[in-house]
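Student: Hey, dropping query-v1.txt in here, compact mmCIF, N, CA and C atoms:
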```txt
# COMPACT_ATOMS: atom_id res chain seq x y z
N MET B 6 -0.73 -8.81 -12.29
CA MET B 6 -1.41 -7.98 -13.27
C MET B 6 -1.54 -6.54 -12.77
N SER B 7 -1.67 -6.37 -11.47
CA SER B 7 -1.86 -5.01 -10.97
C SER B 7 -0.62 -4.15 -11.20
N ALA B 8 0.56 -4.76 -11.24
CA ALA B 8 1.78 -3.99 -11.49
C ALA B 8 1.75 -3.39 -12.89
N GLU B 9 1.26 -4.15 -13.85
CA GLU B 9 1.16 -3.65 -15.23
C GLU B 9 0.15 -2.52 -15.32
N VAL B 10 -0.95 -2.66 -14.60
CA VAL B 10 -1.99 -1.62 -14.61
C VAL B 10 -1.47 -0.35 -13.95
N LYS B 11 -0.76 -0.50 -12.84
CA LYS B 11 -0.18 0.65 -12.16
C LYS B 11 0.79 1.39 -13.08
N GLN B 12 1.62 0.62 -13.78
CA GLN B 12 2.57 1.25 -14.70
C GLN B 12 1.85 1.94 -15.85
N ALA B 13 0.77 1.33 -16.34
CA ALA B 13 0.00 1.94 -17.43
C ALA B 13 -0.62 3.26 -16.97
N VAL B 14 -1.11 3.30 -15.74
CA VAL B 14 -1.69 4.54 -15.20
C VAL B 14 -0.61 5.62 -15.09
N LEU B 15 0.55 5.24 -14.57
CA LEU B 15 1.64 6.22 -14.46
C LEU B 15 2.08 6.72 -15.82
N ASP B 16 2.16 5.82 -16.79
CA ASP B 16 2.53 6.21 -18.16
C ASP B 16 1.50 7.17 -18.75
N TYR B 17 0.22 6.93 -18.45
CA TYR B 17 -0.85 7.81 -18.94
C TYR B 17 -0.67 9.21 -18.36
N PHE B 18 -0.41 9.29 -17.05
CA PHE B 18 -0.18 10.60 -16.43
C PHE B 18 1.02 11.29 -17.05
N LYS B 19 2.11 10.56 -17.25
CA LYS B 19 3.33 11.15 -17.81
C LYS B 19 3.11 11.63 -19.24
N SER B 20 2.31 10.89 -20.02
CA SER B 20 2.08 11.27 -21.41
C SER B 20 1.22 12.53 -21.53
N LYS B 21 0.43 12.82 -20.51
CA LYS B 21 -0.47 13.98 -20.55
C LYS B 21 0.00 15.14 -19.69
N GLU B 22 1.17 15.03 -19.04
CA GLU B 22 1.57 16.02 -18.06
C GLU B 22 1.74 17.44 -18.61
N LYS B 23 1.94 17.58 -19.90
CA LYS B 23 2.08 18.92 -20.49
C LYS B 23 0.74 19.65 -20.58
N THR B 24 -0.35 18.88 -20.67
CA THR B 24 -1.66 19.51 -20.86
C THR B 24 -2.58 19.39 -19.66
N LYS B 25 -2.48 18.27 -18.92
CA LYS B 25 -3.39 18.03 -17.79
C LYS B 25 -2.65 17.33 -16.67
N THR B 26 -3.05 17.64 -15.44
CA THR B 26 -2.44 16.95 -14.29
C THR B 26 -3.47 16.19 -13.47
N LYS B 27 -4.75 16.46 -13.69
CA LYS B 27 -5.82 15.83 -12.93
C LYS B 27 -6.77 15.12 -13.89
N PHE B 28 -7.20 13.92 -13.48
CA PHE B 28 -8.07 13.13 -14.35
C PHE B 28 -9.21 12.51 -13.56
N TYR B 29 -10.34 12.34 -14.23
CA TYR B 29 -11.45 11.59 -13.66
C TYR B 29 -11.12 10.10 -13.72
N MET B 30 -11.78 9.34 -12.89
CA MET B 30 -11.58 7.89 -12.89
C MET B 30 -11.89 7.31 -14.27
N ASN B 31 -12.93 7.84 -14.94
CA ASN B 31 -13.28 7.33 -16.27
C ASN B 31 -12.18 7.58 -17.29
N ASP B 32 -11.45 8.67 -17.14
CA ASP B 32 -10.32 8.94 -18.04
C ASP B 32 -9.24 7.87 -17.86
N LEU B 33 -8.95 7.55 -16.61
CA LEU B 33 -7.92 6.55 -16.32
C LEU B 33 -8.36 5.15 -16.70
N ARG B 34 -9.64 4.93 -16.70
CA ARG B 34 -10.19 3.61 -17.01
C ARG B 34 -9.80 3.16 -18.43
N LYS B 35 -9.47 4.10 -19.29
CA LYS B 35 -9.08 3.79 -20.67
C LYS B 35 -7.82 2.94 -20.74
N VAL B 36 -6.96 3.02 -19.73
CA VAL B 36 -5.70 2.27 -19.77
C VAL B 36 -5.82 0.87 -19.17
N ALA B 37 -6.95 0.58 -18.56
CA ALA B 37 -7.14 -0.75 -17.95
C ALA B 37 -7.26 -1.80 -19.04
N PRO B 38 -6.72 -2.98 -18.79
CA PRO B 38 -6.83 -4.05 -19.79
C PRO B 38 -8.29 -4.44 -20.01
N GLU B 39 -8.58 -4.83 -21.22
CA GLU B 39 -9.93 -5.27 -21.53
C GLU B 39 -10.26 -6.49 -20.69
N GLY B 40 -11.45 -6.51 -20.14
CA GLY B 40 -11.86 -7.63 -19.31
C GLY B 40 -11.69 -7.36 -17.82
N MET B 41 -10.99 -6.28 -17.47
CA MET B 41 -10.83 -5.93 -16.06
C MET B 41 -12.06 -5.17 -15.62
N SER B 42 -12.66 -5.60 -14.53
CA SER B 42 -13.88 -4.95 -14.06
C SER B 42 -13.57 -3.61 -13.41
N ASN B 43 -14.60 -2.79 -13.30
CA ASN B 43 -14.44 -1.49 -12.64
C ASN B 43 -13.98 -1.67 -11.21
N ARG B 44 -14.52 -2.67 -10.55
CA ARG B 44 -14.17 -2.93 -9.16
C ARG B 44 -12.68 -3.27 -9.00
N GLU B 45 -12.19 -4.13 -9.88
CA GLU B 45 -10.77 -4.48 -9.85
C GLU B 45 -9.89 -3.26 -10.11
N PHE B 46 -10.31 -2.44 -11.08
CA PHE B 46 -9.54 -1.25 -11.42
C PHE B 46 -9.52 -0.27 -10.25
N LYS B 47 -10.65 -0.09 -9.60
CA LYS B 47 -10.70 0.82 -8.46
C LYS B 47 -9.84 0.33 -7.32
N LYS B 48 -9.73 -0.99 -7.16
CA LYS B 48 -8.84 -1.55 -6.13
C LYS B 48 -7.39 -1.20 -6.42
N VAL B 49 -7.00 -1.28 -7.69
CA VAL B 49 -5.63 -0.93 -8.08
C VAL B 49 -5.37 0.56 -7.80
N ILE B 50 -6.33 1.40 -8.14
CA ILE B 50 -6.19 2.84 -7.89
C ILE B 50 -6.10 3.10 -6.39
N SER B 51 -6.91 2.40 -5.61
CA SER B 51 -6.86 2.55 -4.14
C SER B 51 -5.50 2.14 -3.59
N GLU B 52 -4.91 1.09 -4.15
CA GLU B 52 -3.57 0.67 -3.74
C GLU B 52 -2.56 1.77 -4.03
N MET B 53 -2.69 2.39 -5.20
CA MET B 53 -1.76 3.46 -5.58
C MET B 53 -1.91 4.66 -4.64
N ILE B 54 -3.12 4.94 -4.20
CA ILE B 54 -3.35 6.03 -3.25
C ILE B 54 -2.73 5.68 -1.91
N ALA B 55 -2.92 4.44 -1.46
CA ALA B 55 -2.34 3.99 -0.19
C ALA B 55 -0.82 4.02 -0.23
N GLU B 56 -0.24 3.73 -1.39
CA GLU B 56 1.23 3.76 -1.55
C GLU B 56 1.77 5.18 -1.61
N GLY B 57 0.89 6.14 -1.88
CA GLY B 57 1.32 7.52 -1.99
C GLY B 57 1.68 7.95 -3.40
N THR B 58 1.38 7.12 -4.38
CA THR B 58 1.67 7.45 -5.77
C THR B 58 0.65 8.43 -6.33
N LEU B 59 -0.62 8.18 -6.04
CA LEU B 59 -1.72 9.03 -6.49
C LEU B 59 -2.40 9.65 -5.28
N MET B 60 -3.15 10.71 -5.53
CA MET B 60 -3.95 11.31 -4.48
C MET B 60 -5.23 11.87 -5.08
N TYR B 61 -6.23 12.02 -4.23
CA TYR B 61 -7.48 12.60 -4.66
C TYR B 61 -7.35 14.11 -4.72
N TYR B 62 -8.09 14.72 -5.64
CA TYR B 62 -8.20 16.17 -5.73
C TYR B 62 -9.68 16.47 -5.81
N SER B 63 -10.18 17.29 -4.92
CA SER B 63 -11.60 17.59 -4.89
C SER B 63 -11.84 19.07 -5.06
N THR B 64 -12.79 19.40 -5.90
CA THR B 64 -13.18 20.80 -6.08
C THR B 64 -14.40 21.13 -5.24
N GLY B 65 -14.91 20.15 -4.55
CA GLY B 65 -16.13 20.33 -3.77
C GLY B 65 -17.31 19.68 -4.45
N SER B 66 -17.31 19.72 -5.78
CA SER B 66 -18.41 19.10 -6.51
C SER B 66 -17.97 17.86 -7.28
N THR B 67 -16.69 17.77 -7.59
CA THR B 67 -16.17 16.60 -8.30
C THR B 67 -14.88 16.13 -7.64
N THR B 68 -14.56 14.87 -7.86
CA THR B 68 -13.33 14.31 -7.34
C THR B 68 -12.51 13.78 -8.50
N MET B 69 -11.25 14.17 -8.52
CA MET B 69 -10.35 13.74 -9.58
C MET B 69 -9.13 13.09 -8.93
N LEU B 70 -8.27 12.52 -9.76
CA LEU B 70 -7.03 11.91 -9.28
C LEU B 70 -5.85 12.63 -9.90
N GLN B 71 -4.78 12.73 -9.14
CA GLN B 71 -3.56 13.35 -9.65
C GLN B 71 -2.36 12.64 -9.03
N LEU B 72 -1.22 12.81 -9.65
CA LEU B 72 0.01 12.29 -9.08
C LEU B 72 0.34 13.08 -7.82
N THR B 73 0.83 12.42 -6.81
CA THR B 73 1.18 13.10 -5.56
C THR B 73 2.25 14.15 -5.80
N GLU B 74 3.18 13.86 -6.70
CA GLU B 74 4.26 14.82 -6.97
C GLU B 74 3.78 16.08 -7.67
N ALA B 75 2.57 16.04 -8.23
CA ALA B 75 2.02 17.21 -8.94
C ALA B 75 1.14 18.06 -8.05
N ASP B 76 1.13 17.79 -6.73
CA ASP B 76 0.27 18.53 -5.81
C ASP B 76 0.83 19.93 -5.57
N VAL B 77 0.18 20.90 -6.15
CA VAL B 77 0.63 22.29 -6.07
C VAL B 77 0.44 22.84 -4.66
N ASP B 78 -0.65 22.45 -4.00
CA ASP B 78 -0.93 22.97 -2.66
C ASP B 78 0.15 22.62 -1.66
N SER B 79 0.71 21.42 -1.73
CA SER B 79 1.74 21.03 -0.78
C SER B 79 3.05 21.77 -1.05
N LYS B 80 3.27 22.18 -2.29
CA LYS B 80 4.48 22.92 -2.62
C LYS B 80 4.44 24.34 -2.09
N ILE B 81 3.24 24.87 -1.95
CA ILE B 81 3.07 26.25 -1.47
C ILE B 81 3.35 26.33 0.02
N LYS B 82 2.96 25.30 0.76
CA LYS B 82 3.09 25.31 2.23
C LYS B 82 4.48 25.20 2.68
```
What is this file in structure tokens?

Tutor:
Amino acid sequence: MSAEVKQAVLDYFKSKEKTKTKFYMNDLRKVAPEGMSNREFKKVISEMIAEGTLMYYSTGSTTMLQLTEADVDSKIK
């Protein structure tokens, strides 16, 4: 089931890439299947971060998620 959720998260990012590149966890939660707990969903997101698919983005006051390939800071360096 986690493979389907991972694909749904990636599809969500791809569908919004023209307007937004960073999302709150609650935004991504919309793509989780009904009945999946927050804890299970966060585990899937953590797996994606460990795999290098997603990464955290912090402004200092909030934490968001973005695709690793969309990291502007790493492209500058």

Student: Nearest residue to Leu59 in chain B out of B:Thr73, B:Thr26, B:Asp16, B:Lys47, using all atoms listed in the file?

Tutor: B:Thr73

Student: Apply DSSP to the backbone of this structure and, from chain B, keep only the residues in helix (DSSP H, G or I); write these as a PyMOL selection string.

Tutor: chain B and resi 7-21+30-36+43-56+73-75+77-81

Student: Please indicate the distance in Å from atom C of Val14 in chain B to CA of Val36 in chain B, rounded to one decimal place.

Tutor: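 Value for the atom C of Val14 in chain B-CA of Val36 in chain B distance: 7.7 Å.
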
Student: Could you find all residues in chain B that DSSP calls strand (DSSP E) from the backbone, and write them as a PDB file with N, CA and C atoms, in the frame of the given file?

Tutor:
```pdb
ATOM      1  N   LYS B  27      -4.750  16.460 -13.690  1.00  0.00           N
ATOM      2  CA  LYS B  27      -5.820  15.830 -12.930  1.00  0.00           C
ATOM      3  C   LYS B  27      -6.770  15.120 -13.890  1.00  0.00           C
ATOM      4  N   PHE B  28      -7.200  13.920 -13.480  1.00  0.00           N
ATOM      5  CA  PHE B  28      -8.070  13.130 -14.350  1.00  0.00           C
ATOM      6  C   PHE B  28      -9.210  12.510 -13.560  1.00  0.00           C
ATOM      7  N   LEU B  59      -0.620   8.180  -6.040  1.00  0.00           N
ATOM      8  CA  LEU B  59      -1.720   9.030  -6.490  1.00  0.00           C
ATOM      9  C   LEU B  59      -2.400   9.650  -5.280  1.00  0.00           C
ATOM     10  N   MET B  60      -3.150  10.710  -5.530  1.00  0.00           N
ATOM     11  CA  MET B  60      -3.950  11.310  -4.480  1.00  0.00           C
ATOM     12  C   MET B  60      -5.230  11.870  -5.080  1.00  0.00           C
ATOM     13  N   TYR B  61      -6.230  12.020  -4.230  1.00  0.00           N
ATOM     14  CA  TYR B  61      -7.480  12.600  -4.660  1.00  0.00           C
ATOM     15  C   TYR B  61      -7.350  14.110  -4.720  1.00  0.00           C
ATOM     16  N   TYR B  62      -8.090  14.720  -5.640  1.00  0.00           N
ATOM     17  CA  TYR B  62      -8.200  16.170  -5.730  1.00  0.00           C
ATOM     18  C   TYR B  62      -9.680  16.470  -5.810  1.00  0.00           C
ATOM     19  N   SER B  63     -10.180  17.290  -4.920  1.00  0.00           N
ATOM     20  CA  SER B  63     -11.600  17.590  -4.890  1.00  0.00           C
ATOM     21  C   SER B  63     -11.840  19.070  -5.060  1.00  0.00           C
ATOM     22  N   THR B  68     -14.560  14.870  -7.860  1.00  0.00           N
ATOM     23  CA  THR B  68     -13.330  14.310  -7.340  1.00  0.00           C
ATOM     24  C   THR B  68     -12.510  13.780  -8.500  1.00  0.00           C
ATOM     25  N   MET B  69     -11.250  14.170  -8.520  1.00  0.00           N
ATOM     26  CA  MET B  69     -10.350  13.740  -9.580  1.00  0.00           C
ATOM     27  C   MET B  69      -9.130  13.090  -8.930  1.00  0.00           C
ATOM     28  N   LEU B  70      -8.270  12.520  -9.760  1.00  0.00           N
ATOM     29  CA  LEU B  70      -7.030  11.910  -9.280  1.00  0.00           C
ATOM     30  C   LEU B  70      -5.850  12.630  -9.900  1.00  0.00           C
ATOM     31  N   GLN B  71      -4.780  12.730  -9.140  1.00  0.00           N
ATOM     32  CA  GLN B  71      -3.560  13.350  -9.650  1.00  0.00           C
ATOM     33  C   GLN B  71      -2.360  12.640  -9.030  1.00  0.00           C
ATOM     34  N   LEU B  72      -1.220  12.810  -9.650  1.00  0.00           N
ATOM     35  CA  LEU B  72       0.010  12.290  -9.080  1.00  0.00           C
ATOM     36  C   LEU B  72       0.340  13.080  -7.820  1.00  0.00           C
TER      37      LEU B  72
END
```

Student: Here is a test: counting only C-alpha atoms, which residue of B:Glu39, B:Glu74, B:Glu56, B:Asp32 is nearest to Tyr17 in chain B?

Tutor: B:Asp32

Student: Given 6 Å of margin on each side, can you work out the centre and size in Å (one decimal) of an axis-aligned box holding every listed atom of range 47-61 of chain B, as JSON?

Tutor:
```
{"center_x": -4.5, "center_y": 6.3, "center_z": -4.9, "size_x": 24.5, "size_y": 27.7, "size_z": 21.4}
```

Student: What separation in Å, quoted to one decimal, exists between atom C of Ser7 in chain B and atom C of Ser66 in chain B?

Tutor: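 Atom-to-atom, atom C of Ser7 in chain B to atom C of Ser66 in chain B, that is 28.3 Å.
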
Student: Which residue, B:Lys19, B:Ala13, B:Lys48, B:Leu72, has the smallest gap to Lys35 in chain B when you use only C-alpha atoms?

Tutor: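 The shortest atom-to-atom distance to Lys35 in chain B comes from B:Ala13.
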
Student: In Å, how far is it from atom N of Gly57 in chain B to atom C of Lys23 in chain B?

Tutor: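 Here the two named atoms are 23.1 Å from each other.
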